[in-house]
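Chemist: Next up is a structure, given as structure tokens.
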Amino acid sequence: MKISEIIRREKPSLSFEVFPPKTGAAFQDVSAAATAIADLQPSYISVTYGAGGGTSRYTFDLAEALLKKGTTPLVHLSCIAATPQTIAAQLATLREMGVENILALRGDLPEGTKADALSYRYASDLTEEIRKFGGFCIGGACYPETHPESASGAADIESLKIKVEKGCEFLTTQMFFDNNILYNFIYRMYKAGLDIPVVAGIMPVTNPVQIKRICAISGTSLPQRFIRIVDRYGDNPAAMKQAGIAYATEQIIDLFANGINAVHVYSMNKPDVAKAIKDNLSEILK
Ligand code: FAD
């Protein structure tokens, strides 16, 4: 089913994310995790794409495993290291597999690559290519705290407008830990004349060291309330996991209560974390 249809429904949508392994040896474990997450019957599961495309085979194999389970996959595709030929071949494969949804991304420039040697500069270039190919529902990424390369929040929203003009039908946000940041972003989007469904990306934090590193790179801010939790429970993995799941659940309930009807959980190949969140929302999702 097309994600544009899923997220337009009245019922709240809850989706999860898996990422492919770096090597074939780990594929079985990741596939088992993806299958266990699919057993939770989320609205859909996104499958990320390795930077540079080196592990694209595993992204497609995971999507195939999800399709076999009857779960809708959202396949991430990045264009930074791609050519029109490689993209055309990938789109043909995805169509053949029966994939209907693609998250069109730019990706990050691999070290040593010159920007002027690229076939595609921005995610909107890939979006246009996918639209021309036809048949896919296309999503894109957005950044409530502004993409680190953007000169300003306003410039970032102008770039999103181009993405939408080229065919993007919904946006999934970078993770955020303060819902007011998302509400403010959506307000700024509407004010700039951009009206497109936004899927809120929520990260249940179970590994504080990893999250501090990711947030520093992505420009995601950590509110004091969250830092205190990490300071208090960061050395106790079981307690940190419980607190991280509770924090994410509270964020999700507040989002649903404030009219955000689609939430995407960065479940990081962890079926136990995905299940705990789903269980916490069992009545709310009905
Ligand atoms: P773009 O939309 O192209 O934006 C990049 C920068 O260029 C921004 O500053 C933007 O404002 C600017 N810009 C865009 N279009 C224009 C234009 N036409 N003119 C001028 N400026 C412009 N990375 C992966 O490698 N694999 C993944 O699977 C993956 N999944 C992700 C999922 C989500 C939900 C998010 C939020 C990010 C994901 N990323 C992934 C990371 C992403 O690839 C990086 O954040 C990357 O730096 C930007 O990708 P983008 O698609 O947002 O790029």
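Convention: chains lettered A, B, ... in structure tokens order; per-chain residue numbering from 1; ligands numbered from 1 as shown.
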Any idea what's packed within 7 Å of stretch 65-81 of chain A, counting only C-alpha atoms, ignoring anything in its chain fewer than 6 positions away? Could you give it as a list in words?
Modeler: Met1, Thr35, Ala38, Tyr44, Ile45, Ser46, Val47, Thr48, Tyr49, Gly52, Val99, Asn101, Ile102, Leu103, Ala104, Leu105, Arg106, Gly107, Asp108, Leu109, Leu118, Tyr120, Arg121, Ala123 and Leu126 of chain A
Chemist: I need the residue nearest A:Ala262 from this list: A:Leu171, A:Ala34, A:Ile157, A:Phe60. Use only C-alpha atoms for the distance.
Modeler: A:Leu171
Chemist: Just list as a PyMOL selection string whatever in stretch 110-263 of chain A DSSP marks as strand (DSSP E).
Modeler: chain A and resi 137-142+170-173+198-202+262-263
Chemist: Go ahead and write the selection's residues with N, CA, C and O atoms as a PDB file, in the first residue's frame.
Modeler:
ATOM      1  N   CYS A 137       5.252   5.922  -4.563  1.00  0.00           N
ATOM      2  CA  CYS A 137       4.954   7.014  -3.627  1.00  0.00           C
ATOM      3  C   CYS A 137       6.309   7.460  -3.073  1.00  0.00           C
ATOM      4  O   CYS A 137       7.084   6.637  -2.582  1.00  0.00           O
ATOM      5  N   ILE A 138       6.584   8.753  -3.160  1.00  0.00           N
ATOM      6  CA  ILE A 138       7.931   9.254  -2.808  1.00  0.00           C
ATOM      7  C   ILE A 138       7.883  10.089  -1.541  1.00  0.00           C
ATOM      8  O   ILE A 138       7.089  11.029  -1.428  1.00  0.00           O
ATOM      9  N   GLY A 139       8.750   9.744  -0.592  1.00  0.00           N
ATOM     10  CA  GLY A 139       8.903  10.552   0.621  1.00  0.00           C
ATOM     11  C   GLY A 139      10.262  11.231   0.624  1.00  0.00           C
ATOM     12  O   GLY A 139      11.118  10.933  -0.224  1.00  0.00           O
ATOM     13  N   GLY A 140      10.453  12.126   1.588  1.00  0.00           N
ATOM     14  CA  GLY A 140      11.749  12.795   1.722  1.00  0.00           C
ATOM     15  C   GLY A 140      12.057  13.054   3.183  1.00  0.00           C
ATOM     16  O   GLY A 140      11.190  12.864   4.048  1.00  0.00           O
ATOM     17  N   ALA A 141      13.291  13.486   3.453  1.00  0.00           N
ATOM     18  CA  ALA A 141      13.706  13.784   4.829  1.00  0.00           C
ATOM     19  C   ALA A 141      13.542  15.276   5.109  1.00  0.00           C
ATOM     20  O   ALA A 141      13.657  16.095   4.192  1.00  0.00           O
ATOM     21  N   CYS A 142      13.265  15.602   6.377  1.00  0.00           N
ATOM     22  CA  CYS A 142      13.258  17.011   6.787  1.00  0.00           C
ATOM     23  C   CYS A 142      13.860  17.127   8.179  1.00  0.00           C
ATOM     24  O   CYS A 142      14.003  16.130   8.895  1.00  0.00           O
ATOM     25  N   PHE A 170       5.383  13.057   1.153  1.00  0.00           N
ATOM     26  CA  PHE A 170       5.374  13.165   2.621  1.00  0.00           C
ATOM     27  C   PHE A 170       6.812  13.342   3.095  1.00  0.00           C
ATOM     28  O   PHE A 170       7.760  13.007   2.372  1.00  0.00           O
ATOM     29  N   LEU A 171       6.952  13.876   4.314  1.00  0.00           N
ATOM     30  CA  LEU A 171       8.290  14.091   4.871  1.00  0.00           C
ATOM     31  C   LEU A 171       8.430  13.315   6.171  1.00  0.00           C
ATOM     32  O   LEU A 171       7.484  13.269   6.977  1.00  0.00           O
ATOM     33  N   THR A 172       9.573  12.704   6.388  1.00  0.00           N
ATOM     34  CA  THR A 172       9.874  12.084   7.680  1.00  0.00           C
ATOM     35  C   THR A 172      10.943  12.929   8.350  1.00  0.00           C
ATOM     36  O   THR A 172      11.935  13.310   7.707  1.00  0.00           O
ATOM     37  N   THR A 173      10.754  13.219   9.634  1.00  0.00           N
ATOM     38  CA  THR A 173      11.693  14.135  10.292  1.00  0.00           C
ATOM     39  C   THR A 173      12.917  13.405  10.836  1.00  0.00           C
ATOM     40  O   THR A 173      12.867  12.225  11.171  1.00  0.00           O
ATOM     41  N   VAL A 198       3.589  15.314   7.555  1.00  0.00           N
ATOM     42  CA  VAL A 198       4.883  15.140   8.221  1.00  0.00           C
ATOM     43  C   VAL A 198       4.801  13.930   9.160  1.00  0.00           C
ATOM     44  O   VAL A 198       3.908  13.850   9.990  1.00  0.00           O
ATOM     45  N   VAL A 199       5.718  13.001   8.984  1.00  0.00           N
ATOM     46  CA  VAL A 199       5.824  11.835   9.862  1.00  0.00           C
ATOM     47  C   VAL A 199       6.915  12.159  10.883  1.00  0.00           C
ATOM     48  O   VAL A 199       8.050  12.465  10.506  1.00  0.00           O
ATOM     49  N   ALA A 200       6.556  12.103  12.173  1.00  0.00           N
ATOM     50  CA  ALA A 200       7.505  12.502  13.226  1.00  0.00           C
ATOM     51  C   ALA A 200       8.444  11.345  13.560  1.00  0.00           C
ATOM     52  O   ALA A 200       7.995  10.247  13.892  1.00  0.00           O
ATOM     53  N   GLY A 201       9.745  11.582  13.469  1.00  0.00           N
ATOM     54  CA  GLY A 201      10.748  10.548  13.751  1.00  0.00           C
ATOM     55  C   GLY A 201      11.167  10.562  15.215  1.00  0.00           C
ATOM     56  O   GLY A 201      11.694  11.562  15.699  1.00  0.00           O
ATOM     57  N   ILE A 202      10.925   9.447  15.898  1.00  0.00           N
ATOM     58  CA  ILE A 202      11.218   9.378  17.338  1.00  0.00           C
ATOM     59  C   ILE A 202      12.255   8.285  17.609  1.00  0.00           C
ATOM     60  O   ILE A 202      12.104   7.152  17.161  1.00  0.00           O
ATOM     61  N   ALA A 262       1.056  10.560  12.409  1.00  0.00           N
ATOM     62  CA  ALA A 262       1.985   9.537  11.912  1.00  0.00           C
ATOM     63  C   ALA A 262       3.325   9.666  12.632  1.00  0.00           C
ATOM     64  O   ALA A 262       3.948  10.730  12.616  1.00  0.00           O
ATOM     65  N   VAL A 263       3.731   8.571  13.287  1.00  0.00           N
ATOM     66  CA  VAL A 263       5.003   8.567  14.027  1.00  0.00           C
ATOM     67  C   VAL A 263       5.853   7.408  13.529  1.00  0.00           C
ATOM     68  O   VAL A 263       5.364   6.294  13.340  1.00  0.00           O
TER      69      VAL A 263
END
Chemist: From the set A:Ile214, A:Leu94, A:Ile245, A:Ala115, which residue has the shortest atom-to-atom contact distance to A:Ser267, counting only C-alpha atoms?
Modeler: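 Nearest candidate to A:Ser267 out of A:Ile214, A:Leu94, A:Ile245, A:Ala115: A:Ile245.
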Chemist: Which of these residues is nearest to A:Gln251, using only C-alpha atoms: A:Arg228, A:Lys11, A:His264, A:Lys161?
Modeler: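 Going through A:Arg228, A:Lys11, A:His264, A:Lys161 one by one, the smallest distance to A:Gln251 is for A:His264.
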Chemist: Select, from A:Ser124, A:Thr83, A:Thr59, A:Asn180, the residue with the minimum atom-to-atom distance to ligand 1, counting only C-alpha atoms and all ligand atoms.
Modeler: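 Once distances to ligand 1 are computed over only C-alpha atoms and all ligand atoms, the minimum belongs to A:Ser124.
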Chemist: Between atom CA of A:Thr220 and atom CA of A:Phe176, what is the distance in Å, rounded to a tenth?
Modeler: 6.3 Å
Chemist: Let's see if you can do this: from backbone DSSP, list all helix (DSSP H, G or I) residues in stretch 11-237 of chain A, as an NGL selection string.
Modeler: :A and (24-38 or 51-53 or 56-69 or 84-97 or 115-117 or 123-133 or 153-165 or 179-191 or 208-218 or 224-233 or 237)
Chemist: Using only C-alpha atoms, determine which residues lie at most 10 Å from A:Gly219, disregarding the query and same-chain residues fewer than 6 positions distant; provide the list as a ChimeraX atom specification.
Modeler: /A:143,145-148,174,176
Chemist: Nearest residue to ligand 1 out of A:Ala238, A:Ala88, A:Ala151, A:Cys168, using only C-alpha atoms and all ligand atoms?
Modeler: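 Checking each candidate against ligand 1, we get A:Ala151 as the closest.
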Chemist: Contacts of A:Met240 at 10 Å or less, counting only C-alpha atoms, minus same-chain residues fewer than 3 places along, as a list of chain:residue names?
Modeler: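 Here the answer would be A:Val205, A:Thr206, A:Asn207, A:Pro208, A:Ile229, A:Val230, A:Asp231, A:Arg232, A:Tyr233, A:Gly234, A:Asp235, A:Asn236, A:Pro237, A:Ala243, A:Gly244, A:Ile245, A:Ala246.
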Chemist: When you count only C-alpha atoms, which of these residues is closest to A:Ile3: A:Tyr190, A:Tyr247, A:Tyr122, A:Phe136?
Modeler: A:Phe136
